[in-house]
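Down below is the structure, laid out as structure tokens.
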Amino acid sequence: MQTRIRNWRSAAGMGALTLATACGPADAPVTPPPASAEARFAYLTYSGSDPIFDLPLSEGQARNPILAGYYPDPSIVKVGEDYYLVNSSFTHYPGIPVFHSRDLINWTQIGNVIDRPDMLDFSGLTVSRGVFAPTIEFHDGLFHVINTCVDCGGNFIVTATDPAGPWSDPVWLPHVGGIDPSLFFDEDGKAYILNNDAPEGEPLYQGHRAVWIREVDPESFAQVSEPVVAVNGGVDLSKKPVWIEGPHLYKVDGKYLLSAAEGGTGPQHSQVILTAESPLGPFTPHPDNPVLTQRDLPEDRPEPITSVGHADFTQDGDGNWWAVFLGTRPYQGNEYNTGRETFLMPVTWENGIPRITAPGDVIPHVIDRPALPAQPDAPLPLTGNFTYTDAFDEEALPLHWLTVRIPSEDGYRLETGDLVLEKRAQGVGDPGHPSFLGRRQQHTNAEAYTEVMFVPGDSDDEAGLAAFQNDAAYYTLGLSLNEEGTSVVRLRRRASENADPDGEIVTEVPALAAPGEPLKLKIAAQGPEIDFYQASPEGEWQPVALGEDGTILSTEKAGGFVGTLLGVYAQSE
């Protein structure tokens with residue numbers, strides 16, 4: 001990509017730089033440009049290079065994961081020859097991405113379910129609250145997404161005739177508690193809602209939960225029958241199973257199959273199956289559980305895929321079954337910065353139940369493609385190694401860009417090929433709506449770089465790049481001023497909730513550009529380490545800091561359920 005070099009007059013509202021004329025004295029003073037309320041970013045280039053994605057593919061093969069990076073809790077529905085998939089997005093906005101595919105391999109994001117500020121209210125929520133584990137279904141000409149807004153309203157349903165949107169305002173379900181609701185439409189026209197909630201009586205141990213089911217009206221979703229417990233704790237209560245969640249109900253050959261995740265969304269994650277003759281049960285655990293897990297494998301295996309579970313099932317054109325599910329790719333131990341990703345595997349049927357892995361099976365990084373006509377690659381790569389540049393030359397910000405929580409107003413605009421970002425008093429670590437926009441880190445080894453034009457008014461003003469996991473786990477690499485008014489590049493880090501929300505200053509070095517001149521900034525992650533660079537538009541990258549601790553951005557250390565975003569910010573403390 002060719003770097004664009006612009007002068008002061010191309011930066012709206014920033015004023016003109018007054019220099020001595022060629023015939024004037026050589027030491028004529030330079031009038032400093034006025035401070036800017038906005039930062040301008042010419043592009044953001046993202047590049048990923050994981051060795052596992054260099055594995056060669058033969059004809060008829062595809063890569064796992066199918067959605068690399070923070071795309072957890074997948075749910076899928078088939079409508080004719082089309083497949084639609086949704087993921088959790090917590091308090092990132094727009095929320096609940098919607099993908100389309102015809103071959104289950106190449107996916108294109110076509111919309112976001114939560115794309116209007118008045119749909120939900122994420123005010124004051126930490127990053128890993130908000131919307132959990134959506135389920136997408138199609139019935140009677142309508143797409144349905146049922147979901148939980150954790151700490152912001154409870155369970156709800158939205159509908160759309162087109163999965164790209166617009167989606168309806170939420171229909172709230174006050175009779176459905178807990179999280180992870182799913183919707184099942186039976187062949188007789190009846191509808192049922194399943195959900196994770198507390199068990200009957202007092203929980204017997206930490207993590208003791210239950211799956212509940214009730215009949216609801218298929219149009220209003222009002223409760224028709226009293227809820228009953230479909231699964232108490234898990235497949236074997238005597239073993240104290242934890243966090244039974246993400247339930248889905250299917251009807252296959254006249255029998256009802258209840259599939260749910262068990263073991264928590266970590267290395268002990270698994271998928272289990274129960275069966276019943278009626279949609280309200282009673283449900284009997286199948287003796288061959290779990291049907292998906294990697295917890296029985298050696299921890300020191302190379303290039304592991306771990307924490308697999310939260311599966312949903314579909315079929316291809318020949319009637320073969322497939323499962324989408326979440327998993328992780330740690331770079332060491334249980335540490336990964338990419339979040340939980342979406343994987344695909346074929347399903348076999350054994351003893352009347354769908355099986356994804358048998359004991360000892362390893363989830364592969366390369367799979368055989370489904371028996372579906374291959375479709376062209378999506379415009380935005382979602383797996384494999386790639387380099388992609390957002391040039392900001394479209395009318396709207398692309399669908400894969402996210403901010404934190406739901407803004408009352410955008411605070412940014414696209415203008416003449418630039419992303420113009422308003423600086424705000426709320427910084428990246430503040431629990432409100434910072435002036436930050438980012439895209440997912442999809443590789444263990446990833447780079448993101450940009451060119452910024454910004455005139456700070458004082459040392460409190462910053463604009464640049466951020467690697468953001470949550471309010472208490474981030475790095476910022478920003479253009480600012482020091483106390484003497486000299487242009488500097490400042491690296492900040494926040495690694496715990498007890499740390500200063502503004503982050504500690506790791507280092508501060510002279511900027512390779514005068515105030516008002518464009519400056520390039522780069523963040524480069526290599527597993528547990530992360531490097532930071534700056535450069536003039538035509539210059540070579542110069543290190544700002546090398547070998548910083550990237551593990552603070554891992555889910556293991558930062559907590560929660562999200563992955564790292566790489567993006568741009570502008571702030572004024």
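Identifiers in this document derive from the order of the structure tokens: chains are assigned A, B, ..., residues are numbered from 1 separately in each chain, and ligands are numbered from 1 in order of occurrence.
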
For range 260-276 of chain A, work out the shell of residues within 7 Å, counting only C-alpha atoms and skipping chain neighbours fewer than 5 positions away, then give it as a list of chain:residue names.
A:Gly234, A:Pro241, A:Val242, A:Trp243, A:Ile244, A:Glu245, A:Gly246, A:Pro247, A:His248, A:Lys255, A:Gly281, A:Pro282, A:Phe283, A:Thr284, A:Pro285, A:His286, A:Asn289, A:Pro290, A:Val291, A:Leu292, A:Thr293, A:Arg295, A:Thr306, A:Ser307, A:Val308, A:Gly309, A:His310, A:Ala311

Store the residues of this selection in a file with N, CA, C and O atoms, as a tab-separated table (two decimals), in the first residue's frame.
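Contents of again.tsv, as written:
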chain	number	residue	atom	x	y	z
A	234	GLY	N	-25.76	-31.28	34.89
A	234	GLY	CA	-25.03	-31.86	33.77
A	234	GLY	C	-25.45	-33.30	33.57
A	234	GLY	O	-26.53	-33.71	34.05
A	241	PRO	N	-20.81	-31.66	37.88
A	241	PRO	CA	-20.51	-30.95	36.63
A	241	PRO	C	-20.85	-29.47	36.76
A	241	PRO	O	-21.78	-29.10	37.48
A	242	VAL	N	-20.10	-28.64	36.04
A	242	VAL	CA	-20.28	-27.19	36.19
A	242	VAL	C	-20.71	-26.57	34.88
A	242	VAL	O	-20.41	-27.05	33.78
A	243	TRP	N	-21.44	-25.44	35.04
A	243	TRP	CA	-21.77	-24.51	33.96
A	243	TRP	C	-22.38	-25.20	32.75
A	243	TRP	O	-21.91	-25.08	31.64
A	244	ILE	N	-23.48	-25.93	32.99
A	244	ILE	CA	-24.26	-26.44	31.87
A	244	ILE	C	-24.94	-25.22	31.21
A	244	ILE	O	-25.63	-24.45	31.87
A	245	GLU	N	-24.73	-25.04	29.91
A	245	GLU	CA	-25.16	-23.79	29.28
A	245	GLU	C	-25.23	-23.97	27.76
A	245	GLU	O	-24.91	-25.03	27.22
A	246	GLY	N	-25.66	-22.91	27.08
A	246	GLY	CA	-25.72	-22.92	25.62
A	246	GLY	C	-26.59	-24.03	25.06
A	246	GLY	O	-26.19	-24.69	24.09
A	247	PRO	N	-27.79	-24.28	25.60
A	247	PRO	CA	-28.58	-25.42	25.13
A	247	PRO	C	-29.22	-25.17	23.76
A	247	PRO	O	-29.60	-24.05	23.42
A	248	HIS	N	-29.34	-26.24	22.97
A	248	HIS	CA	-30.09	-26.24	21.71
A	248	HIS	C	-30.90	-27.52	21.65
A	248	HIS	O	-30.44	-28.59	22.09
A	255	LYS	N	-37.17	-38.17	17.49
A	255	LYS	CA	-36.64	-38.08	18.86
A	255	LYS	C	-36.07	-36.67	19.09
A	255	LYS	O	-35.54	-36.05	18.17
A	281	GLY	N	-39.34	-33.17	27.82
A	281	GLY	CA	-38.65	-34.21	28.56
A	281	GLY	C	-39.58	-35.27	29.11
A	281	GLY	O	-40.74	-35.37	28.69
A	282	PRO	N	-39.09	-36.11	30.01
A	282	PRO	CA	-37.77	-36.00	30.67
A	282	PRO	C	-36.62	-36.37	29.73
A	282	PRO	O	-36.77	-37.22	28.86
A	283	PHE	N	-35.48	-35.72	29.96
A	283	PHE	CA	-34.29	-35.93	29.14
A	283	PHE	C	-33.33	-36.88	29.83
A	283	PHE	O	-33.05	-36.75	31.03
A	284	THR	N	-32.80	-37.80	29.05
A	284	THR	CA	-31.89	-38.81	29.57
A	284	THR	C	-30.50	-38.59	28.99
A	284	THR	O	-30.35	-38.55	27.76
A	285	PRO	N	-29.48	-38.44	29.82
A	285	PRO	CA	-28.12	-38.27	29.29
A	285	PRO	C	-27.70	-39.50	28.49
A	285	PRO	O	-27.96	-40.64	28.90
A	286	HIS	N	-27.08	-39.29	27.36
A	286	HIS	CA	-26.59	-40.40	26.57
A	286	HIS	C	-25.33	-40.97	27.22
A	286	HIS	O	-24.48	-40.21	27.72
A	289	ASN	N	-21.39	-39.68	26.29
A	289	ASN	CA	-20.93	-38.29	26.44
A	289	ASN	C	-19.49	-38.24	26.96
A	289	ASN	O	-19.05	-39.17	27.64
A	290	PRO	N	-18.76	-37.15	26.69
A	290	PRO	CA	-19.14	-36.02	25.84
A	290	PRO	C	-18.95	-36.33	24.36
A	290	PRO	O	-18.17	-37.22	24.00
A	291	VAL	N	-19.64	-35.56	23.51
A	291	VAL	CA	-19.53	-35.76	22.07
A	291	VAL	C	-18.51	-34.81	21.45
A	291	VAL	O	-18.21	-34.90	20.26
A	292	LEU	N	-17.98	-33.92	22.26
A	292	LEU	CA	-16.93	-32.99	21.83
A	292	LEU	C	-16.14	-32.55	23.05
A	292	LEU	O	-16.71	-32.08	24.03
A	293	THR	N	-14.82	-32.69	23.02
A	293	THR	CA	-13.94	-32.11	24.02
A	293	THR	C	-12.50	-32.32	23.57
A	293	THR	O	-12.23	-33.13	22.68
A	295	ARG	N	-10.25	-31.99	26.41
A	295	ARG	CA	-9.68	-32.00	27.77
A	295	ARG	C	-8.93	-33.29	28.08
A	295	ARG	O	-8.19	-33.33	29.07
A	306	THR	N	-7.93	-25.76	22.00
A	306	THR	CA	-8.42	-26.13	23.32
A	306	THR	C	-9.79	-25.51	23.58
A	306	THR	O	-10.31	-24.73	22.79
A	307	SER	N	-10.35	-25.87	24.73
A	307	SER	CA	-11.56	-25.22	25.28
A	307	SER	C	-12.75	-25.32	24.35
A	307	SER	O	-13.59	-24.42	24.30
A	308	VAL	N	-12.87	-26.41	23.60
A	308	VAL	CA	-13.91	-26.52	22.59
A	308	VAL	C	-15.27	-26.85	23.22
A	308	VAL	O	-15.36	-27.59	24.19
A	309	GLY	N	-16.31	-26.27	22.65
A	309	GLY	CA	-17.67	-26.50	23.13
A	309	GLY	C	-18.61	-25.47	22.57
A	309	GLY	O	-18.30	-24.76	21.62
A	310	HIS	N	-19.79	-25.38	23.18
A	310	HIS	CA	-20.84	-24.44	22.74
A	310	HIS	C	-21.14	-24.66	21.25
A	310	HIS	O	-21.03	-23.76	20.43
A	311	ALA	N	-21.54	-25.88	20.93
A	311	ALA	CA	-21.75	-26.29	19.54
A	311	ALA	C	-23.18	-26.08	19.09
A	311	ALA	O	-24.12	-26.07	19.89

For range 463-497 of chain A versus range 428-434 of chain A, which residues have an atom no more than 10 Å away, and what is each residue's nearest atom pair and distance in Å rounded to one decimal, using only C-alpha atoms, chain-then-number order, as CSV?
residue,atom,partner,partner_atom,distance
A:Ala466,CA,A:Val428,CA,8.4
A:Ala467,CA,A:Val428,CA,10.0
A:Phe468,CA,A:Val428,CA,8.0
A:Asn470,CA,A:Gly429,CA,7.6
A:Asp471,CA,A:Gly429,CA,4.3
A:Ala472,CA,A:Gly429,CA,6.2
A:Ala473,CA,A:Gly429,CA,8.1
A:Tyr474,CA,A:Gly429,CA,7.8
A:Tyr475,CA,A:Val428,CA,9.1
A:Thr476,CA,A:Val428,CA,8.2
A:Arg493,CA,A:Gly429,CA,9.8
A:Arg494,CA,A:Gly429,CA,7.8
A:Glu497,CA,A:Gly429,CA,9.5

Take the residues just selected and output them with N, CA, C and O atoms as a PDB file, in the first residue's frame.
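Okay, this is what ended up in part.pdb:
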ATOM      1  N   ALA A 466      -4.111   1.493  19.627  1.00  0.00           N
ATOM      2  CA  ALA A 466      -4.343   0.801  20.893  1.00  0.00           C
ATOM      3  C   ALA A 466      -4.489  -0.698  20.653  1.00  0.00           C
ATOM      4  O   ALA A 466      -5.012  -1.128  19.623  1.00  0.00           O
ATOM      5  N   ALA A 467      -3.980  -1.467  21.602  1.00  0.00           N
ATOM      6  CA  ALA A 467      -4.275  -2.899  21.693  1.00  0.00           C
ATOM      7  C   ALA A 467      -5.126  -3.043  22.942  1.00  0.00           C
ATOM      8  O   ALA A 467      -4.633  -2.913  24.071  1.00  0.00           O
ATOM      9  N   PHE A 468      -6.420  -3.301  22.748  1.00  0.00           N
ATOM     10  CA  PHE A 468      -7.408  -3.178  23.815  1.00  0.00           C
ATOM     11  C   PHE A 468      -8.092  -4.516  24.059  1.00  0.00           C
ATOM     12  O   PHE A 468      -8.700  -5.078  23.146  1.00  0.00           O
ATOM     13  N   ASN A 470      -9.716  -5.043  27.523  1.00  0.00           N
ATOM     14  CA  ASN A 470     -10.828  -4.459  28.268  1.00  0.00           C
ATOM     15  C   ASN A 470     -10.335  -3.190  28.949  1.00  0.00           C
ATOM     16  O   ASN A 470      -9.187  -2.787  28.774  1.00  0.00           O
ATOM     17  N   ASP A 471     -11.210  -2.560  29.748  1.00  0.00           N
ATOM     18  CA  ASP A 471     -10.854  -1.288  30.376  1.00  0.00           C
ATOM     19  C   ASP A 471      -9.607  -1.387  31.238  1.00  0.00           C
ATOM     20  O   ASP A 471      -8.905  -0.395  31.433  1.00  0.00           O
ATOM     21  N   ALA A 472      -9.341  -2.577  31.780  1.00  0.00           N
ATOM     22  CA  ALA A 472      -8.221  -2.754  32.696  1.00  0.00           C
ATOM     23  C   ALA A 472      -7.073  -3.535  32.079  1.00  0.00           C
ATOM     24  O   ALA A 472      -6.151  -3.933  32.790  1.00  0.00           O
ATOM     25  N   ALA A 473      -7.107  -3.755  30.759  1.00  0.00           N
ATOM     26  CA  ALA A 473      -6.043  -4.514  30.095  1.00  0.00           C
ATOM     27  C   ALA A 473      -5.859  -3.963  28.692  1.00  0.00           C
ATOM     28  O   ALA A 473      -6.598  -4.325  27.772  1.00  0.00           O
ATOM     29  N   TYR A 474      -4.888  -3.065  28.537  1.00  0.00           N
ATOM     30  CA  TYR A 474      -4.669  -2.450  27.230  1.00  0.00           C
ATOM     31  C   TYR A 474      -3.276  -1.845  27.146  1.00  0.00           C
ATOM     32  O   TYR A 474      -2.602  -1.607  28.161  1.00  0.00           O
ATOM     33  N   TYR A 475      -2.855  -1.587  25.919  1.00  0.00           N
ATOM     34  CA  TYR A 475      -1.710  -0.730  25.610  1.00  0.00           C
ATOM     35  C   TYR A 475      -2.187   0.377  24.685  1.00  0.00           C
ATOM     36  O   TYR A 475      -3.025   0.139  23.796  1.00  0.00           O
ATOM     37  N   THR A 476      -1.651   1.580  24.852  1.00  0.00           N
ATOM     38  CA  THR A 476      -1.861   2.658  23.888  1.00  0.00           C
ATOM     39  C   THR A 476      -0.514   3.211  23.458  1.00  0.00           C
ATOM     40  O   THR A 476       0.402   3.369  24.277  1.00  0.00           O
ATOM     41  N   ARG A 493       0.401   1.528  29.506  1.00  0.00           N
ATOM     42  CA  ARG A 493      -0.064   0.159  29.754  1.00  0.00           C
ATOM     43  C   ARG A 493      -0.941   0.151  31.000  1.00  0.00           C
ATOM     44  O   ARG A 493      -0.639   0.789  32.005  1.00  0.00           O
ATOM     45  N   ARG A 494      -2.059  -0.582  30.907  1.00  0.00           N
ATOM     46  CA  ARG A 494      -2.845  -0.869  32.107  1.00  0.00           C
ATOM     47  C   ARG A 494      -3.021  -2.377  32.181  1.00  0.00           C
ATOM     48  O   ARG A 494      -3.421  -3.008  31.193  1.00  0.00           O
ATOM     49  N   GLU A 497      -7.326  -3.977  37.293  1.00  0.00           N
ATOM     50  CA  GLU A 497      -8.377  -3.046  37.685  1.00  0.00           C
ATOM     51  C   GLU A 497      -7.885  -2.062  38.739  1.00  0.00           C
ATOM     52  O   GLU A 497      -8.451  -0.971  38.887  1.00  0.00           O
TER      53      GLU A 497
END

Would you list the contacts of Gly438 in chain A as a ChimeraX atom specification, taking every protein, DNA or RNA residue within 9 Å and counting only C-alpha atoms, but skipping same-chain residues closer than 5 positions in sequence?
/A:400-403,466-468,565-569

Same residues, N, CA, C and O atoms, saved as a CSV table (one decimal), in the first residue's frame:
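Listed below is the output, result-v4.csv:
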chain,number,residue,atom,x,y,z
A,400,HIS,N,-16.9,-4.8,10.3
A,400,HIS,CA,-16.1,-5.5,11.3
A,400,HIS,C,-15.5,-4.6,12.3
A,400,HIS,O,-14.8,-5.0,13.2
A,401,TRP,N,-15.7,-3.3,12.2
A,401,TRP,CA,-15.2,-2.3,13.1
A,401,TRP,C,-16.1,-2.2,14.3
A,401,TRP,O,-17.3,-2.2,14.2
A,402,LEU,N,-15.5,-2.0,15.5
A,402,LEU,CA,-16.2,-2.0,16.8
A,402,LEU,C,-15.8,-0.9,17.6
A,402,LEU,O,-14.7,-0.4,17.5
A,403,THR,N,-16.7,-0.4,18.5
A,403,THR,CA,-16.4,0.5,19.6
A,403,THR,C,-16.8,-0.2,20.9
A,403,THR,O,-17.3,-1.3,20.9
A,466,ALA,N,-4.1,1.5,19.6
A,466,ALA,CA,-4.3,0.8,20.9
A,466,ALA,C,-4.5,-0.7,20.7
A,466,ALA,O,-5.0,-1.1,19.6
A,467,ALA,N,-4.0,-1.5,21.6
A,467,ALA,CA,-4.3,-2.9,21.7
A,467,ALA,C,-5.1,-3.0,22.9
A,467,ALA,O,-4.6,-2.9,24.1
A,468,PHE,N,-6.4,-3.3,22.7
A,468,PHE,CA,-7.4,-3.2,23.8
A,468,PHE,C,-8.1,-4.5,24.1
A,468,PHE,O,-8.7,-5.1,23.1
A,565,LEU,N,-8.8,-6.2,20.6
A,565,LEU,CA,-9.0,-5.4,19.5
A,565,LEU,C,-7.8,-4.5,19.2
A,565,LEU,O,-7.2,-4.0,20.1
A,566,LEU,N,-7.5,-4.3,17.9
A,566,LEU,CA,-6.4,-3.4,17.5
A,566,LEU,C,-7.1,-2.3,16.8
A,566,LEU,O,-7.8,-2.5,15.8
A,567,GLY,N,-6.8,-1.0,17.2
A,567,GLY,CA,-7.5,0.1,16.6
A,567,GLY,C,-6.9,1.4,16.9
A,567,GLY,O,-5.8,1.5,17.4
A,568,VAL,N,-7.7,2.5,16.7
A,568,VAL,CA,-7.2,3.8,16.8
A,568,VAL,C,-8.0,4.5,17.9
A,568,VAL,O,-9.2,4.2,18.2
A,569,TYR,N,-7.4,5.5,18.5
A,569,TYR,CA,-8.0,6.2,19.6
A,569,TYR,C,-7.6,7.7,19.6
A,569,TYR,O,-6.6,8.1,19.0

Just the residues within 9 Å of Leu380 in chain A, please, counting only C-alpha atoms, with nothing from its chain fewer than 3 positions along; format it as a PDB file with C-alpha atoms, in the first residue's frame.
ATOM      1  CA  TRP A 107     -18.211 -16.384   5.269  1.00  0.00           C
ATOM      2  CA  THR A 108     -19.153 -12.753   4.650  1.00  0.00           C
ATOM      3  CA  GLN A 109     -20.425 -10.443   7.357  1.00  0.00           C
ATOM      4  CA  ASP A 377     -13.445 -15.884  -1.053  1.00  0.00           C
ATOM      5  CA  TYR A 388      -5.827  -6.266   4.836  1.00  0.00           C
ATOM      6  CA  HIS A 400     -16.106  -5.509  11.273  1.00  0.00           C
TER       7      HIS A 400
END

Could you list, as a ChimeraX atom specification, every residue within 12 Å of Lys520 in chain A, counting only C-alpha atoms and ignoring same-chain residues fewer than 2 positions away?
/A:3-5,40-45,448-454,463-465,477-479,489,511-513,517-518,522-523,532-544

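Distances to Leu437 in chain A were evaluated for A:Arg405, A:Arg102, A:Lys557, A:Arg355 using only C-alpha atoms, and the minimum falls at A:Arg405.
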
Spatial neighbours of Ser487 in chain A, max dist 7 Å, only C-alpha atoms, sep filter under 5 positions, as a PyMOL selection string:
chain A and resi 480-482+510-511+514-515

Between A:Gly485, A:Gly516, A:Pro381, A:Pro370, which is the closest to Leu104 in chain A once you count only C-alpha atoms?
A:Pro370

Would you mind listing what lies within 9 Å of range 329-331 of chain A as a PyMOL selection string, with only C-alpha atoms counted and same-chain residues fewer than 4 positions away left out?
chain A and resi 303-307+335-341+444+527-528

Could you save those same residues with all heavy atoms as a compact mmCIF listing (two decimals), in the first residue's frame?
# COMPACT_ATOMS: atom_id res chain seq x y z
N GLU A 303 0.76 -26.90 18.78
CA GLU A 303 -0.29 -26.10 18.14
C GLU A 303 -1.68 -26.55 18.60
O GLU A 303 -2.54 -26.91 17.80
CB GLU A 303 -0.18 -26.21 16.62
CG GLU A 303 1.13 -25.73 16.03
CD GLU A 303 1.28 -24.21 16.11
OE1 GLU A 303 0.31 -23.52 16.51
OE2 GLU A 303 2.37 -23.71 15.77
N PRO A 304 -1.94 -26.52 19.91
CA PRO A 304 -3.20 -27.07 20.39
C PRO A 304 -4.40 -26.19 20.06
O PRO A 304 -4.31 -24.96 20.00
CB PRO A 304 -2.97 -27.14 21.90
CG PRO A 304 -2.02 -26.01 22.18
CD PRO A 304 -1.10 -25.98 20.99
N ILE A 305 -5.53 -26.83 19.85
CA ILE A 305 -6.84 -26.19 19.87
C ILE A 305 -7.52 -26.68 21.14
O ILE A 305 -7.63 -27.89 21.36
CB ILE A 305 -7.66 -26.56 18.62
CG1 ILE A 305 -7.00 -26.01 17.36
CG2 ILE A 305 -9.09 -26.04 18.74
CD1 ILE A 305 -7.59 -26.53 16.08
N THR A 306 -7.93 -25.76 22.00
CA THR A 306 -8.42 -26.13 23.32
C THR A 306 -9.79 -25.51 23.58
O THR A 306 -10.31 -24.73 22.79
CB THR A 306 -7.45 -25.66 24.42
OG1 THR A 306 -7.48 -24.23 24.49
CG2 THR A 306 -6.03 -26.11 24.13
N SER A 307 -10.35 -25.87 24.73
CA SER A 307 -11.56 -25.22 25.28
C SER A 307 -12.75 -25.32 24.35
O SER A 307 -13.59 -24.42 24.30
CB SER A 307 -11.26 -23.74 25.60
OG SER A 307 -10.14 -23.63 26.44
N GLU A 335 -2.98 -19.26 27.63
CA GLU A 335 -2.94 -17.84 27.27
C GLU A 335 -3.11 -17.67 25.76
O GLU A 335 -2.40 -18.27 24.96
CB GLU A 335 -1.63 -17.21 27.74
CG GLU A 335 -1.52 -17.16 29.26
CD GLU A 335 -0.17 -16.68 29.74
OE1 GLU A 335 0.79 -16.69 28.96
OE2 GLU A 335 -0.08 -16.31 30.93
N TYR A 336 -4.05 -16.83 25.39
CA TYR A 336 -4.30 -16.47 24.00
C TYR A 336 -4.91 -15.07 23.99
O TYR A 336 -5.68 -14.70 24.87
CB TYR A 336 -5.26 -17.47 23.33
CG TYR A 336 -6.51 -17.76 24.13
CD1 TYR A 336 -7.66 -17.00 23.98
CD2 TYR A 336 -6.53 -18.79 25.08
CE1 TYR A 336 -8.79 -17.24 24.73
CE2 TYR A 336 -7.65 -19.03 25.85
CZ TYR A 336 -8.79 -18.26 25.66
OH TYR A 336 -9.92 -18.50 26.43
N ASN A 337 -4.54 -14.27 23.01
CA ASN A 337 -5.04 -12.90 22.90
C ASN A 337 -6.12 -12.77 21.84
O ASN A 337 -6.72 -11.70 21.69
CB ASN A 337 -3.90 -11.93 22.58
CG ASN A 337 -2.85 -11.87 23.68
OD1 ASN A 337 -2.88 -12.67 24.62
ND2 ASN A 337 -1.91 -10.95 23.57
N THR A 338 -6.32 -13.83 21.08
CA THR A 338 -7.25 -13.80 19.96
C THR A 338 -8.69 -14.09 20.36
O THR A 338 -9.59 -14.04 19.51
CB THR A 338 -6.81 -14.83 18.90
OG1 THR A 338 -6.44 -16.04 19.55
CG2 THR A 338 -5.61 -14.31 18.13
N GLY A 339 -8.94 -14.41 21.61
CA GLY A 339 -10.29 -14.73 22.03
C GLY A 339 -10.70 -16.12 21.59
O GLY A 339 -9.92 -16.91 21.07
N ARG A 340 -11.97 -16.42 21.79
CA ARG A 340 -12.53 -17.71 21.40
C ARG A 340 -13.03 -17.61 19.96
O ARG A 340 -13.72 -16.65 19.61
CB ARG A 340 -13.66 -18.10 22.37
CG ARG A 340 -13.16 -18.22 23.82
CD ARG A 340 -14.30 -18.37 24.81
NE ARG A 340 -15.17 -17.21 24.75
CZ ARG A 340 -16.44 -17.21 25.18
NH1 ARG A 340 -16.97 -18.31 25.66
NH2 ARG A 340 -17.16 -16.11 25.11
N GLU A 341 -12.69 -18.60 19.16
CA GLU A 341 -12.89 -18.54 17.73
C GLU A 341 -13.95 -19.55 17.29
O GLU A 341 -14.32 -20.45 18.06
CB GLU A 341 -11.57 -18.81 17.01
CG GLU A 341 -10.44 -17.90 17.51
CD GLU A 341 -9.09 -18.23 16.91
OE1 GLU A 341 -8.61 -19.37 17.10
OE2 GLU A 341 -8.52 -17.35 16.25
N THR A 444 -2.13 -15.03 16.34
CA THR A 444 -1.18 -14.94 17.45
C THR A 444 -0.06 -13.98 17.10
O THR A 444 0.40 -13.20 17.94
CB THR A 444 -0.62 -16.34 17.76
OG1 THR A 444 -1.70 -17.19 18.17
CG2 THR A 444 0.41 -16.28 18.87
N GLY A 527 2.80 -13.70 19.95
CA GLY A 527 2.44 -14.52 21.09
C GLY A 527 2.50 -13.74 22.39
O GLY A 527 1.79 -12.75 22.56
N PRO A 528 3.36 -14.14 23.32
CA PRO A 528 3.39 -13.49 24.63
C PRO A 528 4.10 -12.14 24.65
O PRO A 528 4.13 -11.49 25.70
CB PRO A 528 4.14 -14.50 25.50
CG PRO A 528 5.04 -15.21 24.56
CD PRO A 528 4.28 -15.30 23.27

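Proximity of A:Gln426, A:Asn64, A:Thr148, A:Ser58 to Thr383 in chain A, computed with only C-alpha atoms, is greatest for A:Asn64.
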
How far is it from CA of Ala446 in chain A to CA of Thr387 in chain A, in Å with one decimal?
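Rounded to one decimal, the two atoms are 9.6 Å apart.
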
Atom-to-atom span, CA of Ser259 in chain A and CA of Ile157 in chain A, Å
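Computing it gives 20.7 Å between the two atoms.
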
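The smallest atom-to-atom distance between Gly563 in chain A and any of A:Gly254, A:Pro166, A:Pro373, A:Pro72, using only C-alpha atoms, is found for A:Pro72.
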
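Distances to Ser123 in chain A were evaluated for A:Val404, A:Val171, A:Val211, A:Ile76 using only C-alpha atoms, and the minimum falls at A:Val404.
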
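Each of A:Val347, A:Val98, A:Val145, A:Ile363 was checked against Arg63 in chain A using only C-alpha atoms; the smallest atom-to-atom distance is that of A:Ile363.
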
Could you write out, as a list in words, all the residues of range 2-230 of chain A that DSSP marks as helix (DSSP H, G or I)?
Trp8, Arg9, Ser10, Pro51, Ile52, Phe53 and Asp54 of chain A

In Å to one decimal, how far is CA of Leu326 in chain A from CA of Ala160 in chain A?
25.4 Å

Sel. of strand (DSSP E) residues, range 10-159 of chain A, as a VMD selection string
chain A and resid 38 to 48 61 to 63 75 to 79 82 to 86 92 to 93 95 to 101 108 to 114 130 to 139 142 to 150 154 to 159
